[in-house]
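J.: Here you go, start38.txt (compact mmCIF, C-alpha atoms and all ligand atoms):
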# COMPACT_ATOMS: atom_id res chain seq x y z
CA MET A 197 -21.38 -0.23 23.69
CA LYS A 198 -18.72 -2.00 25.75
CA VAL A 199 -15.19 -1.73 24.36
CA LEU A 200 -11.86 -3.22 25.41
CA VAL A 201 -8.81 -1.13 24.46
CA VAL A 202 -5.52 -3.02 24.23
CA GLY A 203 -2.38 -0.96 24.93
CA LYS A 204 -1.42 1.66 27.52
CA GLY A 205 0.36 4.62 25.89
CA GLY A 206 -0.57 8.05 24.57
CA ARG A 207 -2.31 6.66 21.49
CA GLU A 208 -4.42 4.39 23.68
CA HIS A 209 -5.31 7.26 26.00
CA ALA A 210 -6.64 9.10 22.94
CA LEU A 211 -8.65 5.99 21.99
CA VAL A 212 -10.04 5.54 25.51
CA HIS A 213 -10.99 9.19 25.81
CA GLY A 214 -12.66 9.30 22.39
CA LEU A 215 -14.61 6.11 23.11
CA TRP A 216 -15.71 7.48 26.47
CA LEU A 217 -16.82 10.71 24.77
CA SER A 218 -18.84 8.53 22.39
CA GLY A 219 -20.74 7.14 25.36
CA ALA A 220 -19.04 3.73 25.42
CA GLU A 221 -18.20 1.77 28.55
CA VAL A 222 -14.43 1.31 28.26
CA LEU A 223 -12.09 -1.34 29.64
CA ALA A 224 -8.33 -0.96 29.19
CA THR A 225 -5.29 -3.18 29.72
CA GLN A 226 -3.09 -1.94 32.58
CA PRO A 227 -4.13 1.70 31.93
CA ASN A 228 -1.86 4.65 32.65
CA PRO A 229 -3.27 7.20 35.15
CA GLY A 230 -4.79 9.33 32.39
CA MET A 231 -6.61 6.40 30.79
CA ALA A 232 -7.77 5.16 34.19
CA GLU A 233 -10.06 8.20 34.54
CA HIS A 234 -12.29 6.92 31.77
CA ALA A 235 -11.69 3.17 31.67
CA ARG A 236 -11.98 0.20 34.00
CA ALA A 237 -8.61 -1.46 34.48
CA VAL A 238 -8.01 -4.99 33.26
CA ASP A 239 -4.79 -6.47 34.60
CA VAL A 240 -3.76 -8.38 31.49
CA ALA A 241 -0.70 -7.50 29.41
CA PRO A 242 -1.39 -6.17 25.88
CA THR A 243 0.51 -9.15 24.44
CA ASP A 244 -1.24 -11.87 26.50
CA VAL A 245 -3.42 -13.29 23.73
CA PRO A 246 -5.21 -16.03 25.72
CA GLY A 247 -5.69 -13.64 28.65
CA LEU A 248 -7.26 -10.99 26.41
CA LEU A 249 -9.57 -13.51 24.76
CA ALA A 250 -10.74 -14.62 28.20
CA VAL A 251 -11.44 -11.02 29.30
CA ALA A 252 -13.30 -10.19 26.09
CA GLN A 253 -15.49 -13.29 26.51
CA ARG A 254 -16.10 -12.87 30.22
CA GLU A 255 -17.01 -9.20 29.84
CA GLN A 256 -19.01 -9.85 26.65
CA VAL A 257 -17.50 -6.77 25.00
CA ASP A 258 -18.99 -5.47 21.76
CA LEU A 259 -15.64 -4.45 20.34
CA VAL A 260 -11.90 -4.86 20.97
CA VAL A 261 -9.65 -2.03 19.76
CA ILE A 262 -5.98 -2.99 19.43
CA GLY A 263 -3.63 0.01 19.72
CA PRO A 264 -0.01 -1.20 19.32
CA GLU A 265 1.63 -3.36 16.67
CA ALA A 266 2.95 -6.14 18.92
CA PRO A 267 -0.43 -7.82 19.63
CA LEU A 268 -1.41 -7.39 15.97
CA VAL A 269 1.72 -9.21 14.84
CA LEU A 270 1.01 -11.93 17.42
CA GLY A 271 -2.35 -12.57 15.75
CA LEU A 272 -4.60 -11.31 18.57
CA ALA A 273 -7.18 -10.09 16.04
CA ASP A 274 -7.34 -13.51 14.36
CA VAL A 275 -7.98 -15.23 17.68
CA LEU A 276 -10.68 -12.75 18.73
CA ARG A 277 -12.46 -12.85 15.37
CA ALA A 278 -12.34 -16.66 15.35
CA HIS A 279 -14.38 -16.45 18.56
CA GLY A 280 -16.90 -14.06 17.02
CA ILE A 281 -15.62 -10.90 18.73
CA ALA A 282 -15.70 -7.70 16.63
CA THR A 283 -12.12 -6.44 16.48
CA PHE A 284 -10.50 -3.24 15.23
CA GLY A 285 -7.05 -4.23 13.98
CA PRO A 286 -5.75 -6.52 11.23
CA GLY A 287 -4.74 -10.14 11.69
CA HIS A 288 -1.26 -11.63 11.63
CA ALA A 289 -1.05 -11.89 7.83
CA ALA A 290 -1.77 -8.20 7.14
CA ALA A 291 0.36 -7.12 10.11
CA GLN A 292 3.38 -8.31 8.09
CA LEU A 293 3.06 -4.93 6.34
CA GLU A 294 4.53 -3.49 9.51
CA ALA A 295 6.56 -6.46 10.76
CA SER A 296 8.59 -7.08 7.59
CA LYS A 297 10.12 -4.41 5.36
CA ASP A 298 10.79 -7.02 2.65
CA PHE A 299 7.14 -8.16 2.69
CA THR A 300 6.11 -4.51 2.37
CA LYS A 301 8.43 -3.79 -0.57
CA ASN A 302 7.11 -6.85 -2.37
CA PHE A 303 3.52 -5.77 -1.70
CA LEU A 304 4.24 -2.25 -2.98
CA ASN A 305 5.94 -3.46 -6.15
CA ARG A 306 3.39 -6.20 -6.85
CA HIS A 307 0.60 -3.61 -6.74
CA ASN A 308 2.46 -0.83 -8.56
CA ILE A 309 2.41 1.53 -5.59
CA PRO A 310 5.19 4.14 -5.88
CA THR A 311 8.15 3.50 -3.56
CA ALA A 312 11.95 3.76 -3.59
CA ARG A 313 13.97 1.19 -5.55
CA HIS A 314 15.33 -1.50 -3.23
CA VAL A 315 17.45 -4.63 -2.95
CA THR A 316 16.83 -7.29 -0.28
CA VAL A 317 19.88 -9.16 1.04
CA THR A 318 20.58 -11.86 3.61
CA GLU A 319 24.38 -12.30 3.21
CA LEU A 320 27.07 -9.82 4.18
CA ALA A 321 29.00 -10.16 0.90
CA ALA A 322 25.84 -9.71 -1.16
CA ALA A 323 24.92 -6.66 0.94
CA GLN A 324 28.31 -5.05 0.35
CA ALA A 325 28.06 -5.70 -3.37
CA ALA A 326 24.49 -4.38 -3.48
CA LEU A 327 25.56 -1.10 -1.85
CA ARG A 328 27.56 -0.31 -5.00
CA THR A 329 24.48 -0.54 -7.21
CA PHE A 330 23.18 2.73 -5.74
CA ALA A 331 24.34 6.14 -6.98
CA THR A 332 24.37 7.58 -3.44
CA PRO A 333 24.48 5.74 -0.08
CA PRO A 334 21.16 3.88 0.31
CA VAL A 335 18.95 3.78 3.38
CA ILE A 336 19.65 0.60 5.38
CA LYS A 337 16.58 -1.08 6.88
CA ALA A 338 16.45 -4.12 9.11
CA ASP A 339 13.61 -6.31 7.87
CA GLY A 340 12.03 -7.03 11.26
CA LEU A 341 10.52 -4.97 14.08
CA ALA A 342 13.25 -3.08 15.92
CA ALA A 343 11.45 -0.51 18.07
CA GLY A 344 12.42 2.38 15.81
CA LYS A 345 16.12 1.45 15.76
CA GLY A 346 16.06 -0.53 12.52
CA VAL A 347 16.52 2.24 9.94
CA VAL A 348 19.78 4.08 9.20
CA VAL A 349 19.84 6.98 6.73
CA PRO A 350 23.58 7.30 6.04
CA ASP A 351 25.21 10.40 4.58
CA THR A 352 28.43 8.60 3.62
CA TRP A 353 29.42 5.21 2.18
CA LEU A 354 31.37 4.55 5.38
CA GLU A 355 28.24 4.95 7.48
CA ALA A 356 26.29 2.74 5.08
CA GLU A 357 28.93 0.00 5.30
CA ALA A 358 29.01 0.28 9.09
CA ALA A 359 25.21 -0.11 9.31
CA VAL A 360 25.28 -3.20 7.09
CA GLN A 361 28.07 -4.66 9.20
CA ALA A 362 26.25 -3.91 12.46
CA PHE A 363 22.80 -5.24 11.44
CA LEU A 364 23.78 -8.21 9.28
CA GLY A 365 27.35 -8.97 10.37
CA ASP A 366 27.22 -8.33 14.11
CA ARG A 367 23.44 -8.88 14.46
CA THR A 368 23.09 -5.88 16.79
CA LEU A 369 19.31 -6.16 16.36
CA GLY A 370 19.24 -9.96 16.58
CA ASP A 371 17.08 -11.74 14.01
CA ALA A 372 15.35 -8.46 13.06
CA GLY A 373 18.52 -7.68 11.10
CA ALA A 374 19.02 -11.11 9.50
CA THR A 375 17.42 -9.73 6.34
CA LEU A 376 18.14 -6.19 5.14
CA VAL A 377 16.37 -3.91 2.72
CA LEU A 378 18.73 -1.43 1.03
CA GLU A 379 16.73 1.39 -0.45
CA GLU A 380 17.33 4.40 -2.66
CA ARG A 381 17.34 7.57 -0.57
CA LEU A 382 14.43 9.91 -1.30
CA LEU A 383 14.06 13.61 -0.53
CA GLY A 384 11.02 15.66 0.39
CA PRO A 385 8.57 16.40 3.19
CA GLU A 386 7.12 13.41 5.02
CA ILE A 387 3.44 13.00 5.74
CA SER A 388 1.23 10.38 7.36
CA ALA A 389 -1.82 9.25 5.38
CA LEU A 390 -4.16 7.10 7.47
CA ALA A 391 -7.40 5.48 6.41
CA LEU A 392 -9.94 3.32 8.16
CA CYS A 393 -10.43 0.05 6.26
CA ASP A 394 -13.28 -2.37 6.92
CA GLY A 395 -12.02 -5.09 4.59
CA LYS A 396 -14.04 -3.75 1.65
CA CYS A 397 -13.74 0.02 1.57
CA LEU A 398 -11.59 2.87 2.85
CA LEU A 399 -12.46 6.01 4.75
CA PRO A 400 -9.38 8.25 4.61
CA LEU A 401 -8.64 10.45 7.63
CA ASP A 402 -7.18 13.90 7.15
CA LEU A 403 -3.43 14.07 6.48
CA ALA A 404 -1.10 14.46 9.47
CA ARG A 405 2.57 15.16 10.07
CA ASP A 406 4.76 13.66 12.77
CA HIS A 407 7.98 15.34 14.01
CA LYS A 408 10.40 12.47 14.53
CA ARG A 409 13.64 14.13 15.65
CA ILE A 410 14.26 15.07 19.26
CA PHE A 411 15.33 18.70 18.67
CA ASP A 412 13.86 21.76 16.94
CA GLY A 413 14.65 22.12 13.27
CA ASP A 414 14.50 18.31 12.80
CA ARG A 415 17.91 17.83 14.40
CA GLY A 416 19.19 15.12 16.74
CA ASP A 417 18.16 11.51 17.22
CA ASN A 418 15.06 9.86 15.83
CA THR A 419 12.30 9.37 18.40
CA GLY A 420 8.88 7.77 18.43
CA GLY A 421 7.55 11.24 17.58
CA MET A 422 7.76 14.57 19.42
CA GLY A 423 4.55 16.12 18.14
CA ALA A 424 2.01 16.05 15.34
CA VAL A 425 -0.38 18.22 13.41
CA SER A 426 -3.49 17.68 11.29
CA PRO A 427 -4.67 18.83 8.80
CA LEU A 428 -1.88 19.91 6.43
CA PRO A 429 -3.37 22.91 4.64
CA ASN A 430 -0.31 23.45 2.47
CA VAL A 431 -0.55 20.06 0.75
CA ASP A 432 -2.39 20.98 -2.46
CA GLU A 433 -5.43 19.26 -3.92
CA ALA A 434 -3.49 17.67 -6.80
CA THR A 435 -1.13 16.00 -4.31
CA ARG A 436 -4.06 14.76 -2.23
CA GLN A 437 -5.58 13.25 -5.35
CA ARG A 438 -2.32 11.49 -6.16
CA ILE A 439 -2.07 10.10 -2.61
CA TRP A 440 -5.58 8.73 -2.95
CA GLN A 441 -5.24 7.38 -6.50
CA GLU A 442 -1.62 6.18 -6.42
CA VAL A 443 -1.30 4.99 -2.81
CA LEU A 444 -4.50 4.43 -0.83
CA GLU A 445 -6.79 3.00 -3.52
CA PRO A 446 -4.13 0.59 -4.84
CA THR A 447 -3.36 -0.42 -1.24
CA LEU A 448 -6.97 -1.51 -0.77
CA ALA A 449 -6.91 -3.23 -4.18
CA GLY A 450 -3.76 -5.02 -3.01
CA PHE A 451 -5.47 -6.25 0.17
CA LEU A 452 -8.33 -7.64 -1.91
CA ALA A 453 -6.06 -9.21 -4.54
CA ASP A 454 -3.85 -10.82 -1.88
CA GLY A 455 -6.77 -12.02 0.23
CA LEU A 456 -5.76 -9.88 3.23
CA ASP A 457 -8.83 -9.15 5.36
CA PHE A 458 -7.76 -5.76 6.69
CA ARG A 459 -10.04 -4.30 9.36
CA GLY A 460 -8.48 -1.44 11.19
CA VAL A 461 -6.43 1.58 10.25
CA ILE A 462 -3.79 1.48 7.52
CA TYR A 463 -1.12 4.13 7.86
CA ALA A 464 1.07 4.97 4.87
CA GLY A 465 4.24 6.89 5.69
CA ILE A 466 4.77 8.93 2.52
CA MET A 467 7.51 11.16 1.19
CA LEU A 468 6.35 13.89 -1.20
CA THR A 469 9.17 13.78 -3.76
CA THR A 470 9.47 15.84 -6.92
CA GLY A 471 8.37 12.65 -8.70
CA GLY A 472 5.18 12.41 -6.64
CA PRO A 473 4.21 10.64 -3.40
CA LYS A 474 6.26 7.55 -2.52
CA VAL A 475 5.56 5.10 0.29
CA LEU A 476 8.35 4.75 2.88
CA GLU A 477 6.51 2.31 5.11
CA TYR A 478 3.16 1.07 6.28
CA ASN A 479 1.97 0.82 9.84
CA VAL A 480 -1.10 -1.27 10.58
CA ARG A 481 -2.33 0.85 13.51
CA PHE A 482 -2.77 4.48 14.48
CA GLY A 483 0.47 6.42 14.67
CA ASP A 484 1.66 7.74 18.00
CA PRO A 485 1.48 10.81 18.21
CA GLU A 486 -0.70 11.08 15.07
CA ALA A 487 -3.56 9.47 17.03
CA GLN A 488 -3.43 12.35 19.50
CA VAL A 489 -4.41 14.78 16.71
CA LEU A 490 -6.58 12.55 14.49
CA ILE A 491 -8.74 10.95 17.17
CA PRO A 492 -9.88 14.12 18.99
CA ARG A 493 -10.93 15.49 15.61
CA LEU A 494 -13.41 12.58 15.29
CA GLY A 495 -15.18 13.72 18.46
CA ALA A 496 -18.04 11.57 19.75
CA GLN A 497 -18.26 9.53 16.53
CA LEU A 498 -15.16 7.48 17.31
CA ALA A 499 -16.97 4.46 18.74
CA ASP A 500 -19.38 4.28 15.82
CA LEU A 501 -16.55 4.54 13.27
CA LEU A 502 -14.36 1.91 14.94
CA LEU A 503 -17.26 -0.54 15.27
CA ALA A 504 -18.26 0.03 11.63
CA THR A 505 -14.63 -0.62 10.63
CA ALA A 506 -14.53 -3.85 12.61
CA THR A 507 -17.83 -5.13 11.23
CA GLY A 508 -17.49 -4.21 7.55
CA GLN A 509 -19.98 -1.35 7.63
CA LEU A 510 -17.92 1.70 6.70
CA ALA A 511 -19.66 2.26 3.34
CA GLY A 512 -21.55 5.54 3.41
CA LYS A 513 -19.87 6.81 6.60
CA THR A 514 -18.38 10.28 6.58
CA LEU A 515 -15.98 12.02 8.92
CA PRO A 516 -17.17 14.61 11.41
CA VAL A 517 -15.75 18.12 11.04
CA ASP A 518 -16.24 19.56 14.53
CA ALA A 519 -12.50 20.02 15.26
CA PRO A 520 -11.02 21.44 12.05
CA ALA A 521 -7.45 21.43 13.36
CA ALA A 522 -5.37 19.81 16.10
CA VAL A 523 -1.75 20.04 17.22
CA THR A 524 -0.09 17.82 19.82
CA VAL A 525 3.15 18.56 21.67
CA VAL A 526 4.99 15.69 23.35
CA LEU A 527 6.67 16.25 26.71
CA ALA A 528 9.54 13.78 27.01
CA ALA A 529 11.79 12.70 29.87
CA PRO A 530 15.40 13.85 30.15
CA GLY A 531 17.72 11.47 28.28
CA TYR A 532 14.99 10.42 25.82
CA PRO A 533 15.31 8.71 23.35
CA ALA A 534 18.55 6.94 24.32
CA THR A 535 18.26 6.63 28.12
CA PRO A 536 15.18 8.32 29.57
CA ARG A 537 15.22 9.04 33.29
CA THR A 538 11.97 8.17 35.10
CA GLY A 539 10.48 8.87 38.53
CA ASP A 540 10.35 12.68 38.38
CA VAL A 541 7.30 14.41 39.88
CA ILE A 542 4.97 16.06 37.35
CA THR A 543 3.17 19.29 38.31
CA GLY A 544 0.56 21.43 36.58
CA LEU A 545 -1.55 18.63 35.10
CA ALA A 546 -4.81 20.01 36.50
CA GLN A 547 -3.97 23.55 35.36
CA ALA A 548 -3.23 22.31 31.84
CA ALA A 549 -6.40 20.22 31.72
CA ALA A 550 -8.45 23.29 32.72
CA HIS A 551 -7.58 24.99 29.43
CA ALA A 552 -10.49 25.03 26.99
CA ASN A 553 -10.09 23.04 23.75
CA VAL A 554 -7.16 21.13 25.16
CA GLN A 555 -6.70 17.47 25.96
CA VAL A 556 -3.77 16.15 27.99
CA TYR A 557 -2.95 12.57 27.02
CA HIS A 558 -0.81 10.43 29.31
CA ALA A 559 1.83 8.11 27.86
CA GLY A 560 4.64 7.27 30.30
CA THR A 561 3.20 8.30 33.66
CA GLN A 562 2.61 6.56 36.95
CA ALA A 563 0.43 7.58 39.90
CA LEU A 564 1.97 7.15 43.35
CA GLY A 565 -0.48 8.32 45.97
CA GLU A 566 -1.42 11.89 45.14
CA THR A 567 1.51 12.53 42.84
CA VAL A 568 2.00 11.59 39.21
CA ARG A 569 5.54 10.77 38.13
CA THR A 570 7.32 10.20 34.86
CA ALA A 571 7.50 6.52 33.93
CA GLY A 572 8.67 6.41 30.32
CA GLY A 573 10.47 8.26 27.53
CA ARG A 574 7.47 10.04 26.12
CA VAL A 575 5.57 11.21 29.18
CA LEU A 576 2.58 13.25 27.97
CA ALA A 577 1.10 14.62 24.76
CA VAL A 578 -0.78 17.90 25.03
CA THR A 579 -3.29 18.43 22.22
CA GLY A 580 -4.84 21.76 21.33
CA MET A 581 -7.83 21.98 19.01
CA GLY A 582 -9.09 24.95 17.04
CA SER A 583 -10.60 26.23 13.88
CA THR A 584 -7.14 26.74 12.39
CA VAL A 585 -3.76 25.07 12.89
CA ALA A 586 -2.41 28.33 14.32
CA GLN A 587 -5.13 28.45 16.95
CA ALA A 588 -4.74 24.77 17.83
CA ARG A 589 -0.99 25.25 18.10
CA ALA A 590 -1.26 28.26 20.40
CA ARG A 591 -3.64 26.34 22.67
CA ALA A 592 -1.40 23.27 22.81
CA TYR A 593 1.66 25.31 23.76
CA ALA A 594 -0.18 27.43 26.33
CA ALA A 595 -1.38 24.29 28.12
CA ALA A 596 1.93 22.43 27.75
CA ALA A 597 3.73 25.35 29.42
CA GLU A 598 1.73 24.68 32.62
CA ILE A 599 3.22 21.19 32.99
CA GLN A 600 6.63 20.85 34.60
CA PHE A 601 8.99 18.05 35.55
CA ALA A 602 12.76 17.97 35.97
CA GLY A 603 14.56 17.85 32.63
CA ARG A 604 11.37 18.10 30.55
CA GLN A 605 12.13 17.97 26.83
CA MET A 606 9.77 19.57 24.35
CA ARG A 607 10.06 20.91 20.82
CA TRP A 608 8.97 24.49 20.20
CA ASP A 609 8.50 24.14 16.44
CA ILE A 610 5.73 21.53 16.23
CA ALA A 611 3.43 22.49 13.34
CA ALA A 612 5.48 25.61 12.67
CA SER A 613 5.99 24.58 9.04
CA VAL A 614 2.23 24.31 8.59
CA VAL A 615 1.21 27.65 10.13
P1 LIG B 1 10.66 3.76 8.09
O1 LIG B 1 10.58 3.05 9.39
O2 LIG B 1 10.85 2.85 6.92
O3 LIG B 1 9.55 4.76 7.86
O4 LIG B 1 11.94 4.70 8.20
C1 LIG B 1 12.12 5.59 9.29
C2 LIG B 1 12.49 6.95 8.77
O5 LIG B 1 13.64 6.87 7.95
C3 LIG B 1 11.43 7.59 7.90
O6 LIG B 1 10.46 8.26 8.65
C4 LIG B 1 12.26 8.53 7.05
O7 LIG B 1 12.52 9.73 7.75
C5 LIG B 1 13.54 7.79 6.88
N1 LIG B 1 13.52 7.06 5.60
C6 LIG B 1 13.04 5.81 5.38
N2 LIG B 1 13.18 5.43 4.10
C7 LIG B 1 13.75 6.47 3.47
C8 LIG B 1 14.15 6.71 2.11
N3 LIG B 1 13.99 5.80 1.16
N4 LIG B 1 14.71 7.91 1.84
C9 LIG B 1 14.89 8.84 2.79
N5 LIG B 1 14.54 8.67 4.07
C10 LIG B 1 13.98 7.51 4.42
N1 LIG B 2 4.42 8.26 14.58
C1 LIG B 2 5.06 7.17 13.97
C2 LIG B 2 4.57 5.86 14.38
O1 LIG B 2 3.62 5.75 15.13
O2 LIG B 2 5.13 4.87 13.96
Kindly present the structure from the file in structure tokens form.

T.:
Amino acid sequence: MKVLVVGKGGREHALVHGLWLSGAEVLATQPNPGMAEHARAVDVAPTDVPGLLAVAQREQVDLVVIGPEAPLVLGLADVLRAHGIATFGPGHAAAQLEASKDFTKNFLNRHNIPTARHVTVTELAAAQAALRTFATPPVIKADGLAAGKGVVVPDTWLEAEAAVQAFLGDRTLGDAGATLVLEERLLGPEISALALCDGKCLLPLDLARDHKRIFDGDRGDNTGGMGAVSPLPNVDEATRQRIWQEVLEPTLAGFLADGLDFRGVIYAGIMLTTGGPKVLEYNVRFGDPEAQVLIPRLGAQLADLLLATATGQLAGKTLPVDAPAAVTVVLAAPGYPATPRTGDVITGLAQAAAHANVQVYHAGTQALGETVRTAGGRVLAVTGMGSTVAQARARAYAAAAEIQFAGRQMRWDIAASVV
């Protein structure tokens, strides 16, 4: 099988590595040095839709796997499928579930999927009036894609008013903030529920948890994710059933009712409230760093599962169980997330990779001659696998400790709540 992977971060390294393990011949767009070990480089940007179509046709690939949201929102999958190319990733219409918070809230409410009460506003005066309809300061969400900067969870009314003013009044996020969703604030642990969807049926992956804040104890700024763990043994069976029956099944029913041909992975960000699971958001792709724990657990069956997803043949497939648990620890650059410094030399990569049951995924790295340097905010994700979360966690941290670069940031409590 010949597969083109679109994207060049940690998630895509996990995809490339898993596809290579599955025996596929892999091509990747502008791969980072880690990906380049197992994929042939294609010098086309992940958002260059005509360029990617041309590569897929010239190389006669059997499958295109789209990692990040930007090409999905641009409609890359629609273009590829229109030319008969099997594609993992939804088209433009379904990608609105990630690109527009208002679209998502309407989808959730239309299909009776539990979520926080919300008000959508487009005028400053209406936004200020709407604030007062909430008992406590609501969460302020810019409707459009804002690279993780579009959600404010205010503790005070003053902060809520300032966020509304900034997004809608001052347009600090440009058009992404021209429409706002104000949403009741929920409390509870957050989990990531991902499922493969072939347009007709779902194959749920095991639950995972991201760790979004930069510092231990969930303190400090929000990031893209500083580490992840799967499975979540302390989520009980009744809760799993509710996630399936109240969120994932009705999500698929919603796709079918709305005529959304969803082929790819649907990711529900869920808060486990005292009133049951509630959806905070959808993503229409693998999470990063959730991919770095979910994908290695699929082992050598990744290629088969992704192709079955793309071609509507998931029915009857089951998930492999060869890696019962995985934990990934992100190593980030100094200054991340606000102003990451790049260009620092990374040492210890070979030593870390020599650890058994460990996979080192590159995200923001660059090879310059014999040295590898930091080239982004999140630099590497070190995944440990094991028969228990505790074992996977110990392996991830032992390997991560081998890797050094100036100012390295890393959380020491990834998966601690699960062990
Ligand atoms: P989102 O992009 O919508 O998932 O929001 C980003 C983060 O903001 C989430 O991961 C939550 O930590 C937080 N958040 C979003 N919506 C809510 C809510 N209704 N109540 C509490 N926290 C929220
Ligand atoms: N880990 C969160 C995300 O990928 O959006």

J.: Fewer than 4 positions away in the same chain doesn't count, so skip those; otherwise give me all residues within 12 Å of Ala424 in chain A, counting all atoms listed in the file, as a PyMOL selection string.

T.: chain A and resi 386-388+403-409+420+428+483-490+521-526+577-580+585+588-589+592+607-614

J.: Using only C-alpha atoms, list the residues that have an atom at most 12 Å from (-6.4, -11.7, 0.1), coordinates as in the file, as JSON, numbers by chain.

T.: {"A": [287, 289, 290, 303, 395, 396, 447, 448, 449, 450, 451, 452, 453, 454, 455, 456, 457, 458]}

J.: Hey, which of A:Thr243, A:Thr352, A:Thr419, A:Thr329 ends up closest to ligand LIG 2 (chain B)? Count all atoms listed in the file.

T.: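 Looking only at the distances to ligand LIG 2 (chain B), the closest residue turns out to be A:Thr419.
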
J.: Is it possible to get the residues within 9 Å of (-18.8, -1.7, 33.0) (coordinates as in the file, counting only C-alpha atoms) written as a VMD selection string?

T.: chain A and resid 198 221 to 223 235 to 236 255

J.: Mind checking which residues fall within 12 Å of Glu357 in chain A, counting only C-alpha atoms, ignoring those fewer than 2 positions away in the same chain, and posting them as a VMD selection string?

T.: chain A and resid 320 to 321 323 to 328 333 to 336 348 to 355 359 to 365 378

J.: Return the single residue from A:Ala252, A:Val212, A:Ile410, A:Leu276 that is closest to Met231 in chain A, with distances computed using only C-alpha atoms.

T.: A:Val212

J.: Set out as CSV a contact list for chain A and ligand LIG 1 (chain B) with a cut-off of 10 Å, giving each residue of chain A that qualifies its closest atom pair and distance in Å to one decimal, counting only C-alpha atoms and all ligand atoms, ordered by chain and rising residue number.

T.:
residue,atom,partner,partner_atom,distance
A:Glu294,CA,B:LIG1,O1,8.9
A:Lys297,CA,B:LIG1,O2,7.5
A:Thr300,CA,B:LIG1,O2,9.9
A:Thr311,CA,B:LIG1,N3,7.9
A:Ala312,CA,B:LIG1,N3,5.6
A:Arg313,CA,B:LIG1,N3,8.1
A:His314,CA,B:LIG1,N3,8.6
A:Pro334,CA,B:LIG1,N3,7.5
A:Val335,CA,B:LIG1,C8,5.8
A:Ile336,CA,B:LIG1,N2,8.2
A:Lys337,CA,B:LIG1,O2,6.9
A:Ala338,CA,B:LIG1,O2,9.2
A:Asp339,CA,B:LIG1,O2,9.6
A:Leu341,CA,B:LIG1,O1,9.3
A:Ala342,CA,B:LIG1,O1,9.3
A:Ala343,CA,B:LIG1,O1,9.4
A:Gly344,CA,B:LIG1,O1,6.7
A:Lys345,CA,B:LIG1,O1,8.6
A:Gly346,CA,B:LIG1,O1,7.3
A:Val347,CA,B:LIG1,O4,5.5
A:Val348,CA,B:LIG1,O5,6.9
A:Val349,CA,B:LIG1,N5,6.2
A:Pro350,CA,B:LIG1,N5,9.4
A:Val377,CA,B:LIG1,O2,9.7
A:Leu378,CA,B:LIG1,N3,8.6
A:Glu379,CA,B:LIG1,N3,5.4
A:Glu380,CA,B:LIG1,N3,5.3
A:Arg381,CA,B:LIG1,N4,3.6
A:Leu382,CA,B:LIG1,N4,3.7
A:Leu383,CA,B:LIG1,C9,5.9
A:Gly384,CA,B:LIG1,C9,8.2
A:Pro385,CA,B:LIG1,O7,9.0
A:Glu386,CA,B:LIG1,O7,7.1
A:Ile387,CA,B:LIG1,O6,9.0
A:Ser388,CA,B:LIG1,O6,9.6
A:Asp406,CA,B:LIG1,O6,8.9
A:His407,CA,B:LIG1,O6,9.2
A:Lys408,CA,B:LIG1,O6,7.2
A:Arg409,CA,B:LIG1,O7,9.1
A:Asn418,CA,B:LIG1,C2,8.1
A:Thr419,CA,B:LIG1,C1,9.9
A:Gly420,CA,B:LIG1,O6,9.9
A:Gly421,CA,B:LIG1,O6,9.9
A:Ala464,CA,B:LIG1,O3,9.0
A:Gly465,CA,B:LIG1,O3,6.1
A:Ile466,CA,B:LIG1,O3,8.3
A:Met467,CA,B:LIG1,C9,7.9
A:Thr469,CA,B:LIG1,N4,9.8
A:Lys474,CA,B:LIG1,N3,8.7
A:Val475,CA,B:LIG1,N3,8.5
A:Leu476,CA,B:LIG1,N2,5.0
A:Glu477,CA,B:LIG1,O2,4.7
A:Tyr478,CA,B:LIG1,O3,7.5
A:Asn479,CA,B:LIG1,O3,8.8

J.: What gap, in Å, lies between CA of Leu293 in chain A and CA of Val480 in chain A?

T.: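 Here the two named atoms are 7.0 Å from each other.
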